[in-house]
file structure-v2.csv (CSV, C-alpha atoms)
chain,number,residue,atom,x,y,z
A,937,MET,CA,-21.2,227.8,222.8
A,938,ARG,CA,-21.2,229.6,219.5
A,939,VAL,CA,-21.7,232.9,221.3
A,940,GLU,CA,-18.7,232.2,223.6
A,941,ALA,CA,-16.6,231.4,220.5
A,942,LEU,CA,-17.4,234.6,218.9
A,943,SER,CA,-16.7,236.6,222.1
A,944,LEU,CA,-13.3,234.9,222.6
A,945,ALA,CA,-12.1,235.5,219.0
A,946,PRO,CA,-11.6,239.3,219.5
A,947,MET,CA,-9.9,238.7,222.8
A,948,ARG,CA,-7.4,236.3,221.2
A,949,SER,CA,-6.8,238.7,218.4
A,950,GLN,CA,-6.0,241.5,220.9
A,951,GLN,CA,-3.7,239.2,222.8
A,952,ARG,CA,-1.8,238.3,219.6
A,953,HIS,CA,-1.4,242.1,218.8
A,954,LEU,CA,-0.1,242.8,222.3
A,955,LEU,CA,2.3,240.0,222.1
A,956,ARG,CA,3.6,241.3,218.7
A,957,ILE,CA,4.1,244.8,220.2
A,958,LEU,CA,6.0,243.3,223.2
A,959,LEU,CA,8.3,241.3,220.9
A,960,ILE,CA,9.1,244.4,218.8
A,961,PHE,CA,9.8,246.4,222.0
A,962,ILE,CA,12.1,243.7,223.4
A,963,SER,CA,14.0,243.4,220.1
A,964,SER,CA,14.4,247.1,219.8
A,965,ILE,CA,15.9,247.3,223.3
A,966,PHE,CA,18.5,244.6,222.5
A,967,SER,CA,19.4,246.2,219.1
A,968,PHE,CA,20.1,249.6,220.7
A,969,SER,CA,22.1,248.2,223.5
A,970,ALA,CA,24.3,246.2,221.0
A,971,PHE,CA,25.4,249.4,219.3
A,972,GLY,CA,26.1,251.4,222.5
A,973,GLN,CA,22.8,253.3,222.7
A,974,GLY,CA,22.3,254.1,226.4
A,975,GLN,CA,18.9,255.6,225.9
A,976,TYR,CA,15.8,254.1,224.3
A,977,VAL,CA,13.4,256.2,222.4
A,978,PHE,CA,9.9,255.1,222.9
A,979,PHE,CA,8.6,254.4,219.5
A,980,THR,CA,8.0,251.2,217.5
A,981,PRO,CA,9.9,251.1,214.2
A,982,SER,CA,9.2,248.4,211.7
A,983,ILE,CA,11.4,245.3,211.5
A,984,ASP,CA,12.8,246.4,208.0
A,985,SER,CA,14.0,249.8,209.3
A,986,ILE,CA,15.7,248.1,212.3
A,987,CYS,CA,17.6,245.7,210.2
A,988,HIS,CA,18.6,248.4,207.8
A,989,ASN,CA,20.1,250.6,210.6
A,990,THR,CA,21.9,247.6,212.0
A,991,LEU,CA,23.7,247.0,208.7
A,992,ASP,CA,24.7,250.6,208.3
A,993,PHE,CA,26.3,250.6,211.8
A,994,ILE,CA,28.1,247.4,211.0
A,995,ARG,CA,29.5,248.9,207.8
A,996,ILE,CA,30.7,252.1,209.6
A,997,LYS,CA,32.3,250.0,212.2
A,998,GLN,CA,34.2,248.0,209.6
A,999,LEU,CA,35.3,251.1,207.8
A,1000,LEU,CA,36.6,252.7,211.0
A,1001,MET,CA,38.4,249.5,211.9
A,1002,SER,CA,40.1,249.4,208.5
A,1003,GLN,CA,41.2,253.1,208.8
A,1004,GLN,CA,42.5,252.4,212.3
A,1005,PHE,CA,44.5,249.5,210.9
A,1006,GLU,CA,46.1,251.7,208.2
A,1007,VAL,CA,46.9,254.4,210.8
A,1008,ASN,CA,48.5,251.8,213.0
A,1009,GLN,CA,50.7,250.7,210.1
A,1010,ASP,CA,51.8,254.3,209.3
A,1011,ILE,CA,52.6,254.8,213.0
A,1012,GLN,CA,54.7,251.6,213.0
A,1013,GLN,CA,56.5,252.7,209.8
A,1014,ILE,CA,57.3,256.2,211.3
A,1015,GLU,CA,58.6,254.6,214.5
A,1016,ASN,CA,60.9,252.3,212.4
A,1017,THR,CA,62.2,255.4,210.5
A,1018,ILE,CA,62.8,257.3,213.8
A,1019,THR,CA,64.7,254.3,215.1
A,1020,ILE,CA,66.9,254.2,212.0
A,1021,LEU,CA,67.6,258.0,212.2
A,1022,ASN,CA,68.4,257.8,215.9
A,1023,ARG,CA,70.9,255.0,215.1
A,1024,HIS,CA,72.5,257.2,212.3
A,1025,LEU,CA,72.6,260.2,214.7
A,1026,ASP,CA,74.4,258.1,217.3
A,1027,GLU,CA,76.9,257.0,214.8
A,1028,THR,CA,77.5,260.5,213.5
A,1029,LEU,CA,77.9,261.8,217.1
A,1030,ASN,CA,80.4,259.1,217.8
A,1031,GLU,CA,82.4,259.9,214.7
A,1032,GLN,CA,82.4,263.6,215.6
A,1033,LYS,CA,83.6,262.9,219.0
A,1034,SER,CA,86.4,260.7,217.6
A,1035,ILE,CA,87.4,263.5,215.2
A,1036,GLU,CA,87.5,266.0,218.0
A,1037,ASN,CA,89.6,263.7,220.1
A,1038,GLU,CA,92.1,263.3,217.2
A,1039,LEU,CA,92.2,267.1,216.6
A,1040,ALA,CA,92.8,267.7,220.3
A,1041,ALA,CA,95.6,265.1,220.2
A,1042,ILE,CA,97.2,266.9,217.1
A,1043,ASN,CA,96.9,270.3,218.8
A,1044,ARG,CA,98.6,269.0,221.9
A,1045,HIS,CA,101.4,267.6,219.8
A,1046,ILE,CA,101.7,270.9,217.9
A,1047,ASP,CA,101.8,272.8,221.2
A,1048,SER,CA,104.5,270.5,222.5
A,1049,LEU,CA,106.6,271.3,219.4
A,1050,THR,CA,106.0,275.1,219.5
A,1051,PRO,CA,108.3,277.0,221.9
A,1052,LYS,CA,106.5,278.8,224.6
A,1053,ARG,CA,106.3,282.6,224.3
A,1054,PRO,CA,108.3,284.2,227.0
A,1055,ASN,CA,106.6,286.4,229.5
A,1056,GLY,CA,106.4,290.1,228.7
A,1057,PRO,CA,104.8,292.3,226.1
A,1058,ARG,CA,103.2,290.7,223.1
A,1059,PRO,CA,105.4,290.9,220.0
A,1060,LYS,CA,104.3,293.1,217.2
A,1061,GLU,CA,102.6,291.7,214.1
A,1062,ASN,CA,104.7,290.7,211.1
A,1063,ILE,CA,105.3,293.9,209.1
A,1064,ILE,CA,105.0,292.0,205.8
A,1065,ASN,CA,101.5,290.7,206.7
A,1066,ILE,CA,100.5,294.3,207.7
A,1067,LEU,CA,101.7,295.7,204.4
A,1068,ASN,CA,100.0,293.0,202.4
A,1069,GLU,CA,96.7,293.8,204.1
A,1070,ARG,CA,96.9,297.6,203.8
A,1071,LEU,CA,98.9,298.1,200.6
A,1072,SER,CA,97.7,297.9,197.0
A,1073,PHE,CA,100.0,298.4,194.0
A,1074,ASN,CA,99.1,298.6,190.3
A,1075,GLY,CA,100.3,300.2,187.1
A,1076,SER,CA,101.5,299.6,183.6
A,1077,TYR,CA,104.6,300.0,181.5
A,1078,GLY,CA,105.4,299.7,177.8
A,1079,LEU,CA,107.1,300.9,174.6
A,1080,ASN,CA,105.5,303.2,172.0
A,1081,LEU,CA,106.9,303.0,168.5
A,1082,ASN,CA,106.5,305.2,165.4
A,1083,GLN,CA,108.2,305.0,162.0
A,1084,LEU,CA,108.2,306.9,158.7
A,1085,ALA,CA,110.0,305.7,155.5
A,1086,LEU,CA,110.2,307.8,152.3
A,1087,SER,CA,111.7,307.1,148.9
A,1088,ASN,CA,111.4,309.5,146.0
A,1089,TRP,CA,108.6,311.3,147.7
A,1090,ALA,CA,107.8,314.5,145.8
A,1091,ALA,CA,106.2,316.2,148.7
A,1092,GLY,CA,109.4,316.0,150.7
A,1093,GLY,CA,110.2,314.7,154.2
A,1094,GLU,CA,112.8,312.5,155.7
A,1095,ASN,CA,113.0,309.0,157.1
A,1096,THR,CA,112.4,308.9,160.8
A,1097,TRP,CA,111.7,306.5,163.6
A,1098,ALA,CA,110.8,307.2,167.2
A,1099,ALA,CA,110.5,305.2,170.3
A,1100,LYS,CA,109.1,306.2,173.7
A,1101,SER,CA,109.2,304.1,176.9
A,1102,PHE,CA,106.7,304.9,179.7
A,1103,ALA,CA,105.7,303.6,183.1
A,1104,ASN,CA,102.9,304.4,185.4
A,1105,PHE,CA,102.1,303.2,188.9
A,1106,ASN,CA,99.7,303.7,191.8
A,1107,LEU,CA,100.7,302.8,195.4
A,1108,ILE,CA,97.8,303.1,197.9
A,1109,TYR,CA,98.0,302.6,201.6
A,1110,HIS,CA,94.8,302.3,203.8
A,1111,ARG,CA,94.6,302.4,207.5
A,1112,LYS,CA,91.3,303.0,209.2
A,1113,SER,CA,90.0,306.4,207.9
A,1114,LEU,CA,93.4,307.5,206.5
A,1115,GLU,CA,94.4,306.9,202.9
A,1116,GLN,CA,97.8,307.6,201.3
A,1117,LYS,CA,98.3,307.4,197.6
A,1118,LEU,CA,101.6,307.8,195.6
A,1119,THR,CA,101.2,308.1,191.8
A,1120,GLY,CA,104.1,308.1,189.4
A,1121,ASN,CA,104.2,308.8,185.6
A,1122,PHE,CA,107.5,308.5,183.7
A,1123,ALA,CA,108.3,308.8,180.0
A,1124,PHE,CA,111.3,309.2,177.8
A,1125,GLY,CA,111.3,309.2,174.0
A,1126,ILE,CA,113.8,309.9,171.2
A,1127,ALA,CA,113.6,310.2,167.5
A,1128,ARG,CA,116.2,309.5,164.9
A,1129,PHE,CA,116.2,311.3,161.5
A,1130,ALA,CA,117.7,310.3,158.2
A,1131,ASP,CA,120.7,312.6,158.6
A,1132,LYS,CA,121.6,310.6,161.8
A,1133,ARG,CA,120.4,313.4,164.0
A,1134,ILE,CA,118.8,312.3,167.3
A,1135,GLU,CA,116.4,314.4,169.2
A,1136,LYS,CA,114.6,314.0,172.4
A,1137,GLN,CA,110.8,313.9,172.0
A,1138,ASP,CA,109.5,313.2,175.4
A,1139,ASP,CA,110.9,313.5,178.9
A,1140,LYS,CA,108.8,313.4,182.0
A,1141,ILE,CA,109.1,312.6,185.8
A,1142,ASP,CA,105.8,313.3,187.6
A,1143,LEU,CA,105.2,312.2,191.2
A,1144,THR,CA,102.0,312.9,193.2
A,1145,TYR,CA,101.5,312.2,196.9
A,1146,ALA,CA,98.0,312.5,198.4
A,1147,LEU,CA,97.0,312.2,202.0
A,1148,THR,CA,93.2,311.9,202.5
A,1149,LEU,CA,91.1,311.8,205.7
A,1150,ASP,CA,88.1,309.7,204.8
A,1151,SER,CA,84.9,311.3,206.1
A,1152,LYS,CA,82.6,308.5,204.6
A,1153,THR,CA,81.2,311.1,202.1
A,1154,GLN,CA,82.3,312.3,198.7
A,1155,TRP,CA,84.0,315.3,200.2
A,1156,ASN,CA,87.2,314.7,202.2
A,1157,LEU,CA,89.9,316.7,203.8
A,1158,SER,CA,93.1,316.2,201.7
A,1159,MET,CA,96.7,317.3,201.3
A,1160,VAL,CA,98.4,316.9,197.9
A,1161,SER,CA,102.0,317.3,197.0
A,1162,THR,CA,103.4,317.1,193.4
A,1163,PHE,CA,106.9,317.0,192.0
A,1164,ASN,CA,107.7,317.4,188.3
A,1165,THR,CA,111.0,317.4,186.4
A,1166,GLN,CA,112.8,315.6,183.5
A,1167,PHE,CA,115.6,313.0,183.1
A,1168,ALA,CA,118.0,314.6,180.5
A,1169,ASN,CA,119.0,317.9,179.0
A,1170,GLY,CA,116.8,319.5,176.4
A,1171,TYR,CA,118.3,321.4,173.5
A,1172,LYS,CA,117.2,324.1,171.1
A,1173,TYR,CA,117.0,321.7,168.2
A,1174,PRO,CA,118.3,321.5,165.5
A,1175,ASN,CA,121.1,323.2,167.5
A,1176,ASP,CA,122.1,320.6,170.0
A,1177,SER,CA,124.7,322.8,171.7
A,1178,THR,CA,122.3,325.2,173.4
A,1179,VAL,CA,120.8,323.8,176.6
A,1180,ILE,CA,117.3,325.0,177.4
A,1181,SER,CA,116.4,322.6,180.2
A,1182,GLY,CA,117.7,319.7,182.2
A,1183,PHE,CA,117.3,317.5,185.3
A,1184,PHE,CA,116.0,319.8,188.1
A,1185,ALA,CA,116.1,322.7,185.6
A,1186,PRO,CA,113.3,323.2,186.0
A,1187,ALA,CA,111.7,321.2,188.7
A,1188,TYR,CA,108.3,322.1,190.3
A,1189,PHE,CA,107.3,321.2,193.8
A,1190,THR,CA,103.9,322.0,195.2
A,1191,VAL,CA,102.2,321.4,198.6
A,1192,SER,CA,98.5,322.0,198.8
A,1193,ALA,CA,95.8,321.5,201.5
A,1194,GLY,CA,92.1,321.6,200.8
A,1195,TYR,CA,89.2,319.4,200.0
A,1196,SER,CA,88.9,316.6,197.5
A,1197,TYR,CA,85.8,315.3,195.8
A,1198,LYS,CA,85.3,312.0,194.0
A,1199,THR,CA,82.3,310.1,192.6
A,1200,LYS,CA,81.4,306.6,193.8
A,1201,ASP,CA,83.0,305.0,190.7
A,1202,GLU,CA,86.0,307.3,191.1
A,1203,ARG,CA,85.8,308.4,187.4
A,1204,ILE,CA,85.9,312.1,188.5
A,1205,GLN,CA,88.3,313.3,191.1
A,1206,VAL,CA,88.6,317.0,192.0
A,1207,PHE,CA,91.0,318.6,194.4
A,1208,MET,CA,90.7,322.3,195.4
A,1209,SER,CA,93.1,324.1,197.6
A,1210,PRO,CA,92.7,327.8,198.5
A,1211,LEU,CA,96.2,328.0,199.9
A,1212,ALA,CA,99.0,326.2,198.0
A,1213,GLY,CA,102.8,326.7,198.0
A,1214,LYS,CA,104.8,326.2,194.8
A,1215,VAL,CA,108.6,326.2,194.4
A,1216,THR,CA,110.4,326.3,191.1
A,1217,PHE,CA,114.0,324.9,191.0
A,1218,VAL,CA,116.5,325.8,188.4
A,1219,MET,CA,119.7,324.0,189.4
A,1220,ASN,CA,121.6,324.7,186.1
A,1221,GLN,CA,123.5,327.9,186.8
A,1222,GLU,CA,123.6,328.9,183.2
A,1223,LEU,CA,119.8,328.8,183.0
A,1224,ALA,CA,119.5,330.4,186.4
A,1225,ASP,CA,121.7,333.3,185.3
A,1226,LYS,CA,119.4,333.9,182.3
A,1227,GLY,CA,116.4,333.9,184.6
A,1228,SER,CA,114.8,330.9,183.0
A,1229,PHE,CA,111.5,329.5,184.3
A,1230,GLY,CA,110.9,332.5,186.6
A,1231,VAL,CA,113.9,332.6,188.9
A,1232,LYS,CA,115.7,335.8,189.5
A,1233,LYS,CA,118.4,336.2,186.8
A,1234,GLY,CA,122.0,337.2,187.4
A,1235,TYR,CA,123.1,340.8,187.0
A,1236,TYR,CA,126.0,343.2,187.4
A,1237,THR,CA,126.2,345.7,190.2
A,1238,GLU,CA,127.2,349.3,189.8
A,1239,ASP,CA,130.7,348.2,190.7
A,1240,SER,CA,130.7,345.6,187.9
A,1241,LEU,CA,130.3,342.8,190.4
A,1242,TRP,CA,128.5,339.8,188.9
A,1243,ILE,CA,125.6,338.5,191.0
A,1244,PRO,CA,124.6,335.0,189.9
A,1245,GLY,CA,121.0,334.1,189.3
A,1246,GLU,CA,119.0,332.4,192.0
A,1247,HIS,CA,118.0,328.7,191.8
A,1248,ILE,CA,114.7,328.9,193.6
A,1249,ALA,CA,111.5,330.9,192.9
A,1250,PRO,CA,108.7,330.4,195.5
A,1251,ALA,CA,105.0,331.3,195.0
A,1252,ILE,CA,101.7,331.0,196.9
A,1253,GLY,CA,98.4,330.6,195.2
A,1254,ILE,CA,95.3,328.5,194.5
A,1255,ASN,CA,95.7,325.0,193.2
A,1256,VAL,CA,93.0,323.0,191.4
A,1257,ILE,CA,93.5,319.4,190.1
A,1258,VAL,CA,90.9,317.5,188.1
A,1259,ASN,CA,91.2,313.9,187.0
A,1260,TYR,CA,88.7,312.2,184.8
A,1261,ARG,CA,88.5,308.7,183.2
A,1262,GLN,CA,85.8,307.6,180.8
A,1263,PRO,CA,85.5,304.3,178.9
A,1264,ILE,CA,84.3,304.8,175.3
A,1265,GLY,CA,82.8,301.5,174.1
A,1266,LYS,CA,84.6,298.3,175.0
A,1267,SER,CA,88.1,299.1,173.6
A,1268,ILE,CA,88.6,302.9,174.0
A,1269,THR,CA,89.5,304.7,177.2
A,1270,TYR,CA,89.9,308.5,177.6
A,1271,THR,CA,91.8,309.9,180.6
A,1272,THR,CA,92.6,313.5,181.3
A,1273,MET,CA,94.4,315.4,184.1
A,1274,LEU,CA,94.1,319.2,184.5
A,1275,ASN,CA,96.4,321.0,187.0
A,1276,THR,CA,96.0,324.8,187.4
A,1277,PHE,CA,97.9,327.2,189.7
A,1278,TYR,CA,96.9,330.8,190.3
A,1279,ASN,CA,99.7,332.9,191.8
A,1280,TYR,CA,98.8,335.3,194.6
A,1281,TRP,CA,102.1,337.1,194.6
A,1282,GLU,CA,102.4,338.3,191.1
A,1283,ARG,CA,100.2,340.6,189.1
A,1284,ARG,CA,100.0,341.0,185.4
A,1285,ASP,CA,99.8,344.3,183.6
A,1286,ASP,CA,96.0,343.9,183.3
A,1287,ASP,CA,95.8,343.3,187.1
A,1288,ARG,CA,94.8,339.6,186.6
A,1289,LEU,CA,96.3,336.7,188.5
A,1290,PRO,CA,98.9,334.8,186.4
A,1291,ILE,CA,97.9,331.2,185.8
A,1292,ASP,CA,99.9,328.1,185.1
A,1293,VAL,CA,98.1,325.3,183.3
A,1294,ASN,CA,99.1,321.7,182.7
A,1295,TRP,CA,96.6,319.6,180.8
A,1296,GLU,CA,97.3,316.0,179.7
A,1297,ASN,CA,94.9,313.9,177.5
A,1298,THR,CA,95.3,310.3,176.6
A,1299,PHE,CA,93.1,308.2,174.2
A,1300,ASN,CA,93.9,304.5,174.5
A,1301,PHE,CA,92.6,302.2,171.7
A,1302,SER,CA,93.1,298.6,173.0
A,1303,ILE,CA,93.8,296.2,170.1
A,1304,THR,CA,94.8,293.1,172.2
A,1305,LYS,CA,95.7,292.5,175.8
A,1306,TYR,CA,99.2,293.8,175.2
A,1307,LEU,CA,98.9,296.0,172.1
A,1308,SER,CA,97.3,299.4,172.0
A,1309,THR,CA,97.2,302.6,169.9
A,1310,ILE,CA,97.8,305.6,172.1
A,1311,ILE,CA,97.1,309.3,171.2
A,1312,PHE,CA,98.7,311.7,173.7
A,1313,ILE,CA,97.9,315.4,173.7
A,1314,HIS,CA,99.6,317.7,176.1
A,1315,LEU,CA,98.8,321.4,176.5
A,1316,LYS,CA,100.9,323.6,178.9
A,1317,TYR,CA,101.0,327.2,179.8
A,1318,ASP,CA,103.6,328.7,182.2
A,1319,HIS,CA,103.6,332.4,182.6
A,1320,LYS,CA,107.3,332.3,183.6
A,1321,THR,CA,108.4,330.2,180.6
A,1322,THR,CA,108.9,332.6,177.8
A,1323,PHE,CA,109.7,332.3,174.1
A,1324,PRO,CA,111.4,334.8,171.8
A,1325,VAL,CA,109.4,337.0,169.5
A,1326,TYR,CA,111.3,337.7,166.2
A,1327,GLU,CA,111.0,340.7,163.9
A,1328,GLU,CA,112.8,341.3,160.7
A,1329,ILE,CA,115.0,344.4,161.2
A,1330,GLU,CA,117.0,345.5,158.2
A,1331,GLY,CA,116.6,342.0,156.7
A,1332,VAL,CA,117.7,340.2,159.9
A,1333,GLN,CA,115.5,338.2,162.2
A,1334,THR,CA,115.9,339.9,165.5
A,1335,VAL,CA,114.6,339.0,169.0
A,1336,VAL,CA,112.4,341.9,170.1
A,1337,ASP,CA,110.6,340.4,173.1
A,1338,ASN,CA,110.1,337.2,175.2
A,1339,ILE,CA,106.6,336.3,176.1
A,1340,PRO,CA,104.9,333.2,177.5
A,1341,LYS,CA,103.1,331.0,174.9
A,1342,LEU,CA,100.8,328.0,174.9
A,1343,GLN,CA,102.9,324.9,174.6
A,1344,PHE,CA,101.4,322.0,172.6
A,1345,LYS,CA,102.6,318.4,172.1
A,1346,GLU,CA,100.9,315.5,170.4
A,1347,SER,CA,102.0,311.9,169.7
A,1348,LEU,CA,100.5,308.9,168.1
A,1349,GLY,CA,101.9,305.4,167.9
A,1350,ILE,CA,101.6,301.7,168.5
A,1351,ALA,CA,102.4,300.7,172.1
A,1352,PHE,CA,103.2,297.4,173.7
A,1353,VAL,CA,101.7,297.7,177.1
A,1354,HIS,CA,101.8,295.4,180.2
A,1355,ASN,CA,99.5,296.0,183.1
A,1356,PHE,CA,100.2,294.8,186.6

call {"tool": "encode", "arguments": {"input": "structure-v2.csv", "output": "structure tokens"}}
result
Amino acid sequence: MRVEALSLAPMRSQQRHLLRILLIFISSIFSFSAFGQGQYVFFTPSIDSICHNTLDFIRIKQLLMSQQFEVNQDIQQIENTITILNRHLDETLNEQKSIENELAAINRHIDSLTPKRPNGPRPKENIINILNERLSFNGSYGLNLNQLALSNWAAGGENTWAAKSFANFNLIYHRKSLEQKLTGNFAFGIARFADKRIEKQDDKIDLTYALTLDSKTQWNLSMVSTFNTQFANGYKYPNDSTVISGFFAPAYFTVSAGYSYKTKDERIQVFMSPLAGKVTFVMNQELADKGSFGVKKGYYTEDSLWIPGEHIAPAIGINVIVNYRQPIGKSITYTTMLNTFYNYWERRDDDRLPIDVNWENTFNFSITKYLSTIIFIHLKYDHKTTFPVYEEIEGVQTVVDNIPKLQFKESLGIAFVHNF
């Protein structure tokens, strides 16, 4: 019996070991099926590792469920926001539709009040509206004053005051590629001296008309016409009985065709014409008889018949006009205009072409918006305008010749200026 007991002990121990393996296998199968494992790996983990894996899967599942809850809340909030926006959009669309209906009703009412246009060609646009769109007008006018007072002044001199009124304007008309520009410069000044004598100091009428075909470049085909004369008679001061000039005596009219150049900022403008016509008018018969300003003077025939002087002197030549404007600092502006004319028809003794030059320079020192100091320098040379040359013959100043000379004029004064 003892032998049987010893032989049965190992058998029972083996049975308990097999039973333990079977239980572990069965528990492993159930644990994998609980977490969605469709395939069983044939190995026999320990009880501690199985419990540990089971807790990790439970934590992961809880974390995923928490994140899914938060995502569901965000989705719900977004859906609520979209619902509110759709509601506002519907309200806005309704308001827009209501406004459109009201505008349509107003337009129908206006149409009912507006008379119907009769059948036929469409009426032309209002000329006032067209001019406002195509025209630009600017300029300035003012009064220049100068005064000198002396009392017991050893160096000599006399009390004087001078006044000059001036006006300038630019009228520009644009239409497609065509530009028309009319420029006017006017001035008239007088001076009064202590002996009550009044003399004219400035007198100018300058008009310029330019027709330009815009080529979208800095060089353009242009036609320029100028007219220059004065307002009142000029005298050989201090002798105020001898007239030396007057209205249309002289007057200069030029017509030129050529090319113009201007910079982008329009500070420099140059016009060059290889063929220009110039006409000098002297409508004062007394001056015309003297042959003033280049017209053919009057003369007696062999039969002692008086032939009066002519009033017109034509010429053909080259015309060059240069305009330049340069600001100097914040309060000083320099402007200049140079106009030259070379005459083809006439020859000088040295075989050179005679030239006429008109050069105006202005320095404007702006003090305030309406107050300025203006320096004006004018140089002029006209080969047909002559001045007497005197020589002392037997103690008497005698005119021995008449020659053209450079003419110079300068003025400085305080000016009241208004720009428009």

call {"tool": "closest_residue", "arguments": {"input": "structure-v2.csv", "among": "A:Lys1232, A:Lys1117, A:His1319, A:Lys1136", "to": "Ala1168 of chain A", "atoms": "all atoms listed in the file"}}
result
A:Lys1136

call {"tool": "atom_distance", "arguments": {"input": "structure-v2.csv", "atom1": "atom CA of Asp1318 of chain A", "atom2": "atom CA of Ile1291 of chain A"}}
result
7.2 Å

call {"tool": "closest_residue", "arguments": {"input": "structure-v2.csv", "among": "A:Ile1311, A:Ala1224, A:Thr1165, A:Leu1114", "to": "Ile1243 of chain A", "atoms": "only C-alpha atoms"}}
result
A:Ala1224

call {"tool": "atom_distance", "arguments": {"input": "structure-v2.csv", "atom1": "atom CA of Ser1347 of chain A", "atom2": "atom CA of Ile1313 of chain A"}}
result
6.7 Å

call {"tool": "atom_distance", "arguments": {"input": "structure-v2.csv", "atom1": "atom CA of Gln1137 of chain A", "atom2": "atom CA of Ser1181 of chain A"}}
result
13.2 Å

call {"tool": "residues_around", "arguments": {"input": "structure-v2.csv", "residues": "Thr1321 of chain A", "least_positions_apart": "6", "cutoff": "10 Å", "atoms": "only C-alpha atoms", "output": "list of chain:residue names"}}
result
A:Gly1227, A:Ser1228, A:Phe1229, A:Gly1230, A:Asp1292, A:Asn1338, A:Ile1339, A:Pro1340, A:Lys1341, A:Leu1342, A:Gln1343

call {"tool": "closest_residue", "arguments": {"input": "structure-v2.csv", "among": "A:Asn1037, A:Val1293, A:Thr1298, A:Tyr1235", "to": "Val1256 of chain A", "atoms": "all atoms listed in the file"}}
result
A:Val1293

call {"tool": "residues_around", "arguments": {"input": "structure-v2.csv", "residues": "segment 1201-1216 of chain A", "least_positions_apart": "6", "cutoff": "10 Å", "atoms": "only C-alpha atoms", "output": "ChimeraX atom specification"}}
result
/A:1154-1164,1184-1195,1229-1231,1247-1263,1271-1280

call {"tool": "residues_around", "arguments": {"input": "structure-v2.csv", "residues": "Gly1078 of chain A", "least_positions_apart": "3", "cutoff": "6 Å", "atoms": "all atoms listed in the file", "output": "list in words"}}
result
Ser1101, Phe1102, Phe1352 and Val1353 of chain A

call {"tool": "closest_residue", "arguments": {"input": "structure-v2.csv", "among": "A:Thr1017, A:Gln1083, A:Thr1144, A:Thr1096", "to": "Leu1348 of chain A", "atoms": "only C-alpha atoms"}}
result
A:Gln1083

call {"tool": "closest_residue", "arguments": {"input": "structure-v2.csv", "among": "A:Asn1074, A:Val1179, A:Glu1246, A:Thr1199", "to": "Leu1107 of chain A", "atoms": "all atoms listed in the file"}}
result
A:Asn1074

call {"tool": "closest_residue", "arguments": {"input": "structure-v2.csv", "among": "A:Ser1151, A:Gln1116, A:Asn1095, A:Gln1012", "to": "Ala1130 of chain A", "atoms": "all atoms listed in the file"}}
result
A:Asn1095

call {"tool": "residues_around", "arguments": {"input": "structure-v2.csv", "residues": "Pro1174 of chain A", "least_positions_apart": "6", "cutoff": "10 Å", "atoms": "all atoms listed in the file", "output": "list of chain:residue names"}}
result
A:Arg1133, A:Ile1134, A:Glu1135

call {"tool": "write_last_selection", "arguments": {"input": "structure-v2.csv", "atoms": "C-alpha atoms", "output": "PDB file, keeping the file's coordinate frame"}}
result
ATOM      1  CA  ARG A1133     120.400 313.400 164.000  1.00  0.00           C
ATOM      2  CA  ILE A1134     118.800 312.300 167.300  1.00  0.00           C
ATOM      3  CA  GLU A1135     116.400 314.400 169.200  1.00  0.00           C
TER       4      GLU A1135
END

call {"tool": "residues_around", "arguments": {"input": "structure-v2.csv", "residues": "Leu1307 of chain A", "least_positions_apart": "6", "cutoff": "12 Å", "atoms": "only C-alpha atoms", "output": "PyMOL selection string"}}
result
chain A and resi 1077-1081+1267+1300-1301+1349-1355

call {"tool": "residues_near_point", "arguments": {"input": "structure-v2.csv", "point": "(109.6, 312.3, 179.5)", "cutoff": "6 Å", "atoms": "all atoms listed in the file", "output": "PDB file with C-alpha atoms, keeping the file's coordinate frame"}}
result
ATOM      1  CA  ALA A1123     108.300 308.800 180.000  1.00  0.00           C
ATOM      2  CA  PHE A1124     111.300 309.200 177.800  1.00  0.00           C
ATOM      3  CA  ASP A1138     109.500 313.200 175.400  1.00  0.00           C
ATOM      4  CA  ASP A1139     110.900 313.500 178.900  1.00  0.00           C
ATOM      5  CA  LYS A1140     108.800 313.400 182.000  1.00  0.00           C
TER       6      LYS A1140
END

call {"tool": "axis_aligned_box", "arguments": {"input": "structure-v2.csv", "around": "segment 990-995 of chain A", "padding_each_side": "4 Å", "output": "JSON"}}
result
{"center_x": 25.7, "center_y": 248.8, "center_z": 209.9, "size_x": 15.6, "size_y": 11.6, "size_z": 12.2}
